[in-house]
Amino acid sequence: MTTTELAQGIYSVGAIDWDVRDFHGYSTYRGTTYNAFLIIDEKITLIDTVKRSHLDQLLRNIRTIIEPEKIDYLIVNHVEMDHSGSLPAMMELIKPEKLFCSPMGQKAIIEHFHRPDWPYEVVKSGNEISLGKRTISFLETRMLHWPDSMFSYLKEEKILFSSDAFGQHFASSERFDDEVDLSVVMQESAKYYANILYPYSPLIRKLLASVAEMNLDIRMIAPDHGVIWRSHMETILNAYGRWSRNEAENRALVIYDSMWHSTEEMAHAIGAGLQETGVGVAMINLKYHHRSDVMTQVLGAKAIVIGSSTLNNGLLPQMAGFLMYMRGLKPAGKLAAAFGSFGWSGEAVALINSALTDMKIELVEEGLRHKYVPDAACLAECTAMGKRIGARVLNGSAD
Ligand code: FEO
């Protein structure tokens with residue numbers, strides 16, 4: 001990433017990571033960026049740093065504008081290592097007059113870097129600081145998605161530095177939403193929401209309401225990953241509204257893993273029944289789909305029908321891993337049912353039901369189990385189950 005001027009004297013100086021393909025279990029096929037922003041004012045201010053591996057890119061970019069040692073203020077909107085990994089090196093080099101962070105941010109920085117001696121200035125929601133000609137106002141966004149997270153709003157330029165919110169894991173040399181393919185950016189935004197922010201949907205609903213109440217005049221939203229929103233802010237804000245309200249399409253997913261194709265045959269019969277009702281269907285064999293892509297589809301679907309063969313009294317490992325992953329992301333407002341083939345003990349369906357119940361997902365069926373290879377009667381039952389679930393999708397969701 002070279003530098004880009006967002007407004008006079010305000011620069012994007014972060015780094016592009018073209019190569020990252022795994023982000024703690026989330027597949028990042030399009031790489032990512034670690035955004036950081038430099039404000040040239042009486043107090044020269046840097047908002048966020050970058051992952052430790054990308055420090056050189058950050059420094060190179062800053063040096064095209066000023067010597068880093070001239071930075072007076074450092075603002076940490078979020079302590080996760082992809083934004084703070086370079087903080088110790090930057091503190092050493094810059095020796096800033098002040099390091100601004102939220103109360104939880106100060107605790108997290110000390111617990112990460114063991115430097116209680118840094119010049120912390122703790123800020124809370126509504127606090128403002130003057131940079132000279134410009135003012136920054138802070139808004140704590142606890143648990144979005146870490147306890148320390150906060151937004152910084154540059155009042156005069158109307159730029160909201162939103163940390164991880166509204167971000168995308170999307171590496172591009174272009175810096176703005178209107179310079180890239182919007183459908184790709186929205187797809188990556190949905191994936192980001194589904195895999196990072198999904199559990200915090202109730203908080204996001206409140207945050208969107210309080211930002212609306214504050215009547216903030218926002219000209220640009222600058223997240224810490226991906227492109228900056230300046231032309232399509234309404235598109236991303238509306239999407240966050242829909243996702244956080246658990247609004248989904250009349251769509252069902254059949255998510256399964258199978259040992260010897262019996263569970264797979266059941267899956268396709270269920271899918272055929274769903275299709276007969278007219279709902280959109282996606283068949284998702286976990287052997288071929290990454291869990292984080294599956295979660296993106298879960299975000300947009302009203303029903304999930306989940307199947308696994310029984311293996312050693314349990315689930316197939318891909319399914320066990322997927323359910324554990326989905327459980328943490330707490331998808332709400334879904335209809336669900338389970339199915340699966342077995343040889344002798346057949347615990348898989350009960351285990352899936354139990355996992356879904358733990359997630360507070362509404363089970364609309366007891367589930368279908370079949371010993372060994374499905375016959376025509378079993379497949380007809382599967383199709384009938386698909387039709388019943390399809391009818392529920394069309395007639396009203398779990399909400
Ligand atoms: Fe991009 Fe939560 O770090």
# chains A, B, ... in the order shown; residues from 1 in each chain; ligands from 1

$ residues_around --residues "range 362-365 of chain A" --least-positions-apart "6" --cutoff "9 Å" --atoms "only C-alpha atoms" --output "number ranges by chain"
A: 333-338, 353, 356, 385, 389, 392, 398

$ write_last_selection --atoms "N, CA and C atoms" --output "PDB file, in the first residue's frame"
ATOM      1  N   GLY A 333     -32.148 -16.811  15.068  1.00  0.00           N
ATOM      2  CA  GLY A 333     -33.300 -16.692  14.177  1.00  0.00           C
ATOM      3  C   GLY A 333     -33.323 -17.713  13.058  1.00  0.00           C
ATOM      4  N   LYS A 334     -32.714 -18.879  13.261  1.00  0.00           N
ATOM      5  CA  LYS A 334     -32.724 -19.903  12.206  1.00  0.00           C
ATOM      6  C   LYS A 334     -33.686 -21.030  12.573  1.00  0.00           C
ATOM      7  N   LEU A 335     -34.233 -21.668  11.549  1.00  0.00           N
ATOM      8  CA  LEU A 335     -34.947 -22.929  11.720  1.00  0.00           C
ATOM      9  C   LEU A 335     -33.941 -24.036  11.445  1.00  0.00           C
ATOM     10  N   ALA A 336     -34.069 -25.178  12.145  1.00  0.00           N
ATOM     11  CA  ALA A 336     -33.065 -26.210  11.916  1.00  0.00           C
ATOM     12  C   ALA A 336     -33.622 -27.613  12.125  1.00  0.00           C
ATOM     13  N   ALA A 337     -32.928 -28.568  11.514  1.00  0.00           N
ATOM     14  CA  ALA A 337     -33.239 -29.986  11.723  1.00  0.00           C
ATOM     15  C   ALA A 337     -31.977 -30.783  11.393  1.00  0.00           C
ATOM     16  N   ALA A 338     -31.960 -32.052  11.884  1.00  0.00           N
ATOM     17  CA  ALA A 338     -30.767 -32.885  11.695  1.00  0.00           C
ATOM     18  C   ALA A 338     -31.143 -34.195  11.000  1.00  0.00           C
ATOM     19  N   ASN A 353     -28.675 -32.357  17.262  1.00  0.00           N
ATOM     20  CA  ASN A 353     -29.812 -31.693  17.935  1.00  0.00           C
ATOM     21  C   ASN A 353     -29.356 -30.989  19.205  1.00  0.00           C
ATOM     22  N   LEU A 356     -27.417 -27.841  18.373  1.00  0.00           N
ATOM     23  CA  LEU A 356     -28.296 -26.767  17.898  1.00  0.00           C
ATOM     24  C   LEU A 356     -29.109 -26.185  19.055  1.00  0.00           C
ATOM     25  N   MET A 385     -39.482 -34.324   4.550  1.00  0.00           N
ATOM     26  CA  MET A 385     -38.929 -33.414   5.566  1.00  0.00           C
ATOM     27  C   MET A 385     -38.488 -32.106   4.915  1.00  0.00           C
ATOM     28  N   ILE A 389     -39.897 -28.354   5.888  1.00  0.00           N
ATOM     29  CA  ILE A 389     -39.004 -27.245   6.302  1.00  0.00           C
ATOM     30  C   ILE A 389     -39.135 -26.067   5.325  1.00  0.00           C
ATOM     31  N   ARG A 392     -42.091 -24.112   6.187  1.00  0.00           N
ATOM     32  CA  ARG A 392     -41.838 -23.254   7.363  1.00  0.00           C
ATOM     33  C   ARG A 392     -41.040 -22.015   6.982  1.00  0.00           C
ATOM     34  N   ALA A 398     -37.895 -18.503  12.513  1.00  0.00           N
ATOM     35  CA  ALA A 398     -37.877 -18.746  13.953  1.00  0.00           C
ATOM     36  C   ALA A 398     -38.106 -17.463  14.746  1.00  0.00           C
TER      37      ALA A 398
END

$ residues_around --residues "Ala320 in chain A" --least-positions-apart "3" --cutoff "10 Å" --atoms "only C-alpha atoms" --output "PyMOL selection string"
chain A and resi 257+308+314-317+323-325+348+351-352+355

$ closest_atom_pairs --of "chain A" --to "ligand 1" --cutoff "6 Å" --atoms "only C-alpha atoms and all ligand atoms" --output "tab-separated table"
residue	atom	partner	partner_atom_place_in_ligand_line	distance
A:Glu80	CA	ligand 1	3 (O)	4.9
A:Asp82	CA	ligand 1	3 (O)	5.5
A:Asp164	CA	ligand 1	1 (Fe)	5.1

$ closest_residue --among "A:Asn250, A:Thr277, A:Thr3, A:Thr64" --to "Ala36 in chain A" --atoms "only C-alpha atoms"
A:Thr3

$ atom_distance --atom1 "CA of Val184 in chain A" --atom2 "CA of Asp19 in chain A"
18.0 Å

$ closest_residue --among "A:Ile228, A:Leu208, A:Ile218, A:Leu93" --to "Gly167 in chain A" --atoms "only C-alpha atoms"
A:Ile228

$ closest_residue --among "A:Glu247, A:Asn313, A:Leu329, A:Ser345" --to "Ala301 in chain A" --atoms "only C-alpha atoms"
A:Glu247

$ closest_residue --among "A:Lys43, A:Lys371, A:His54, A:Arg327" --to "Phe339 in chain A" --atoms "only C-alpha atoms"
A:Lys371

$ residues_around --residues "Arg134 in chain A" --least-positions-apart "2" --cutoff "12 Å" --atoms "only C-alpha atoms" --output "PyMOL selection string"
chain A and resi 8-10+39-45+128-132+136-137+153-159

$ residues_around --residues "range 114-125 of chain A" --least-positions-apart "4" --cutoff "8 Å" --atoms "only C-alpha atoms" --output "VMD selection string"
chain A and resid 96 to 103 106 109 to 110 137 to 140

$ write_last_selection --atoms "C-alpha atoms" --output "tab-separated table (two decimals), in the first residue's frame"
chain	number	residue	atom	x	y	z
A	96	PRO	CA	4.79	9.82	21.58
A	97	GLU	CA	3.65	12.43	24.04
A	98	LYS	CA	0.37	10.56	24.55
A	99	LEU	CA	-1.09	7.14	23.82
A	100	PHE	CA	-4.88	7.30	23.67
A	101	CYS	CA	-6.98	4.22	24.30
A	102	SER	CA	-10.19	3.14	26.04
A	103	PRO	CA	-10.11	2.04	29.72
A	106	GLN	CA	-5.16	0.32	28.58
A	109	ILE	CA	-2.21	-3.15	26.12
A	110	ILE	CA	-0.51	-3.72	29.47
A	137	SER	CA	-14.27	12.45	19.60
A	138	PHE	CA	-14.24	8.88	20.98
A	139	LEU	CA	-16.97	6.27	21.17
A	140	GLU	CA	-16.34	3.07	23.11

$ atom_distance --atom1 "CA of Ser201 in chain A" --atom2 "CA of Ser244 in chain A"
4.4 Å

$ residues_around --residues "Val254 in chain A" --least-positions-apart "6" --cutoff "8 Å" --atoms "only C-alpha atoms" --output "PyMOL selection string"
chain A and resi 267+270-271+281-284+304-307

$ closest_residue --among "A:Ala384, A:Val227, A:Val76, A:Ala332" --to "Asp181 in chain A" --atoms "only C-alpha atoms"
A:Val227

$ select_by_dssp --residues "range 261-379 of chain A" --states "strand (DSSP E or B)" --output "PyMOL selection string"
chain A and resi 280-285+301-308+310-311+314-315+335-342+362-363+368-371

$ residues_around --residues "range 169-175 of chain A" --least-positions-apart "2" --cutoff "8 Å" --atoms "only C-alpha atoms" --output "VMD selection string"
chain A and resid 1 to 2 4 16 to 18 28 30 to 33 167 177 179 to 180 185 188 to 189 192 225 to 228

$ atom_distance --atom1 "CA of Ala222 in chain A" --atom2 "CA of Leu237 in chain A"
12.9 Å

$ closest_residue --among "A:Met214, A:Ile196, A:Val79, A:Met266" --to "Pro147 in chain A" --atoms "only C-alpha atoms"
A:Val79

$ residues_around --residues "Gln57 in chain A" --least-positions-apart "2" --cutoff "8 Å" --atoms "only C-alpha atoms" --output "JSON list (two decimals) with C-alpha atoms, in the first residue's frame"
[["chain", "number", "residue", "atom", "x", "y", "z"],
["A", 1, "MET", "CA", 0.00, 0.00, 0.00],
["A", 14, "GLY", "CA", -1.30, 1.03, 6.58],
["A", 15, "ALA", "CA", -0.12, -2.19, 4.98],
["A", 54, "HIS", "CA", 4.08, -5.47, 8.27],
["A", 55, "LEU", "CA", 5.85, -2.81, 10.34],
["A", 59, "LEU", "CA", 7.15, 2.95, 8.36],
["A", 60, "ARG", "CA", 7.90, 3.25, 4.65],
["A", 61, "ASN", "CA", 4.49, 4.81, 4.07]]

$ select_by_dssp --residues "range 13-86 of chain A" --states "helix (DSSP H, G or I)" --output "VMD selection string"
chain A and resid 52 to 63 68 to 70 81 to 84

$ decode --residues "range 85-106 of chain A" --atoms "N, CA and C atoms" --output "PDB file, in the first residue's frame"
ATOM      1  N   GLY A  85       0.345  -5.240  16.859  1.00  0.00           N
ATOM      2  CA  GLY A  85       1.606  -5.991  16.867  1.00  0.00           C
ATOM      3  C   GLY A  85       2.827  -5.103  16.707  1.00  0.00           C
ATOM      4  N   SER A  86       2.663  -3.996  15.986  1.00  0.00           N
ATOM      5  CA  SER A  86       3.796  -3.081  15.782  1.00  0.00           C
ATOM      6  C   SER A  86       3.874  -2.001  16.854  1.00  0.00           C
ATOM      7  N   LEU A  87       2.969  -2.061  17.819  1.00  0.00           N
ATOM      8  CA  LEU A  87       2.930  -0.974  18.819  1.00  0.00           C
ATOM      9  C   LEU A  87       4.242  -0.842  19.605  1.00  0.00           C
ATOM     10  N   PRO A  88       4.815  -1.936  20.121  1.00  0.00           N
ATOM     11  CA  PRO A  88       6.071  -1.754  20.883  1.00  0.00           C
ATOM     12  C   PRO A  88       7.162  -1.084  20.051  1.00  0.00           C
ATOM     13  N   ALA A  89       7.320  -1.515  18.795  1.00  0.00           N
ATOM     14  CA  ALA A  89       8.364  -0.912  17.947  1.00  0.00           C
ATOM     15  C   ALA A  89       8.045   0.553  17.676  1.00  0.00           C
ATOM     16  N   MET A  90       6.773   0.850  17.444  1.00  0.00           N
ATOM     17  CA  MET A  90       6.394   2.241  17.162  1.00  0.00           C
ATOM     18  C   MET A  90       6.573   3.118  18.405  1.00  0.00           C
ATOM     19  N   MET A  91       6.239   2.588  19.571  1.00  0.00           N
ATOM     20  CA  MET A  91       6.412   3.364  20.807  1.00  0.00           C
ATOM     21  C   MET A  91       7.887   3.692  21.016  1.00  0.00           C
ATOM     22  N   GLU A  92       8.714   2.698  20.748  1.00  0.00           N
ATOM     23  CA  GLU A  92      10.153   2.865  20.924  1.00  0.00           C
ATOM     24  C   GLU A  92      10.693   3.946  19.977  1.00  0.00           C
ATOM     25  N   LEU A  93      10.221   3.900  18.754  1.00  0.00           N
ATOM     26  CA  LEU A  93      10.714   4.823  17.732  1.00  0.00           C
ATOM     27  C   LEU A  93      10.143   6.237  17.920  1.00  0.00           C
ATOM     28  N   ILE A  94       8.838   6.289  18.145  1.00  0.00           N
ATOM     29  CA  ILE A  94       8.163   7.602  18.169  1.00  0.00           C
ATOM     30  C   ILE A  94       8.324   8.305  19.509  1.00  0.00           C
ATOM     31  N   LYS A  95       8.240   7.500  20.562  1.00  0.00           N
ATOM     32  CA  LYS A  95       8.159   8.067  21.923  1.00  0.00           C
ATOM     33  C   LYS A  95       7.089   9.174  21.957  1.00  0.00           C
ATOM     34  N   PRO A  96       5.840   8.787  21.682  1.00  0.00           N
ATOM     35  CA  PRO A  96       4.794   9.823  21.578  1.00  0.00           C
ATOM     36  C   PRO A  96       4.538  10.486  22.915  1.00  0.00           C
ATOM     37  N   GLU A  97       4.005  11.696  22.815  1.00  0.00           N
ATOM     38  CA  GLU A  97       3.652  12.427  24.038  1.00  0.00           C
ATOM     39  C   GLU A  97       2.504  11.704  24.748  1.00  0.00           C
ATOM     40  N   LYS A  98       1.530  11.212  23.957  1.00  0.00           N
ATOM     41  CA  LYS A  98       0.366  10.556  24.553  1.00  0.00           C
ATOM     42  C   LYS A  98      -0.058   9.341  23.722  1.00  0.00           C
ATOM     43  N   LEU A  99      -0.537   8.334  24.444  1.00  0.00           N
ATOM     44  CA  LEU A  99      -1.088   7.136  23.820  1.00  0.00           C
ATOM     45  C   LEU A  99      -2.543   7.030  24.253  1.00  0.00           C
ATOM     46  N   PHE A 100      -3.452   7.295  23.332  1.00  0.00           N
ATOM     47  CA  PHE A 100      -4.880   7.300  23.671  1.00  0.00           C
ATOM     48  C   PHE A 100      -5.486   5.914  23.454  1.00  0.00           C
ATOM     49  N   CYS A 101      -6.279   5.494  24.424  1.00  0.00           N
ATOM     50  CA  CYS A 101      -6.982   4.217  24.297  1.00  0.00           C
ATOM     51  C   CYS A 101      -8.160   4.227  25.269  1.00  0.00           C
ATOM     52  N   SER A 102      -9.043   3.253  25.128  1.00  0.00           N
ATOM     53  CA  SER A 102     -10.185   3.141  26.038  1.00  0.00           C
ATOM     54  C   SER A 102      -9.696   2.579  27.385  1.00  0.00           C
ATOM     55  N   PRO A 103     -10.533   2.630  28.432  1.00  0.00           N
ATOM     56  CA  PRO A 103     -10.107   2.042  29.718  1.00  0.00           C
ATOM     57  C   PRO A 103      -9.740   0.569  29.564  1.00  0.00           C
ATOM     58  N   MET A 104     -10.564  -0.175  28.822  1.00  0.00           N
ATOM     59  CA  MET A 104     -10.249  -1.597  28.615  1.00  0.00           C
ATOM     60  C   MET A 104      -9.038  -1.743  27.692  1.00  0.00           C
ATOM     61  N   GLY A 105      -8.846  -0.762  26.846  1.00  0.00           N
ATOM     62  CA  GLY A 105      -7.685  -0.772  25.958  1.00  0.00           C
ATOM     63  C   GLY A 105      -6.392  -0.688  26.751  1.00  0.00           C
ATOM     64  N   GLN A 106      -6.383   0.189  27.770  1.00  0.00           N
ATOM     65  CA  GLN A 106      -5.163   0.321  28.575  1.00  0.00           C
ATOM     66  C   GLN A 106      -4.836  -1.018  29.251  1.00  0.00           C
TER      67      GLN A 106
END
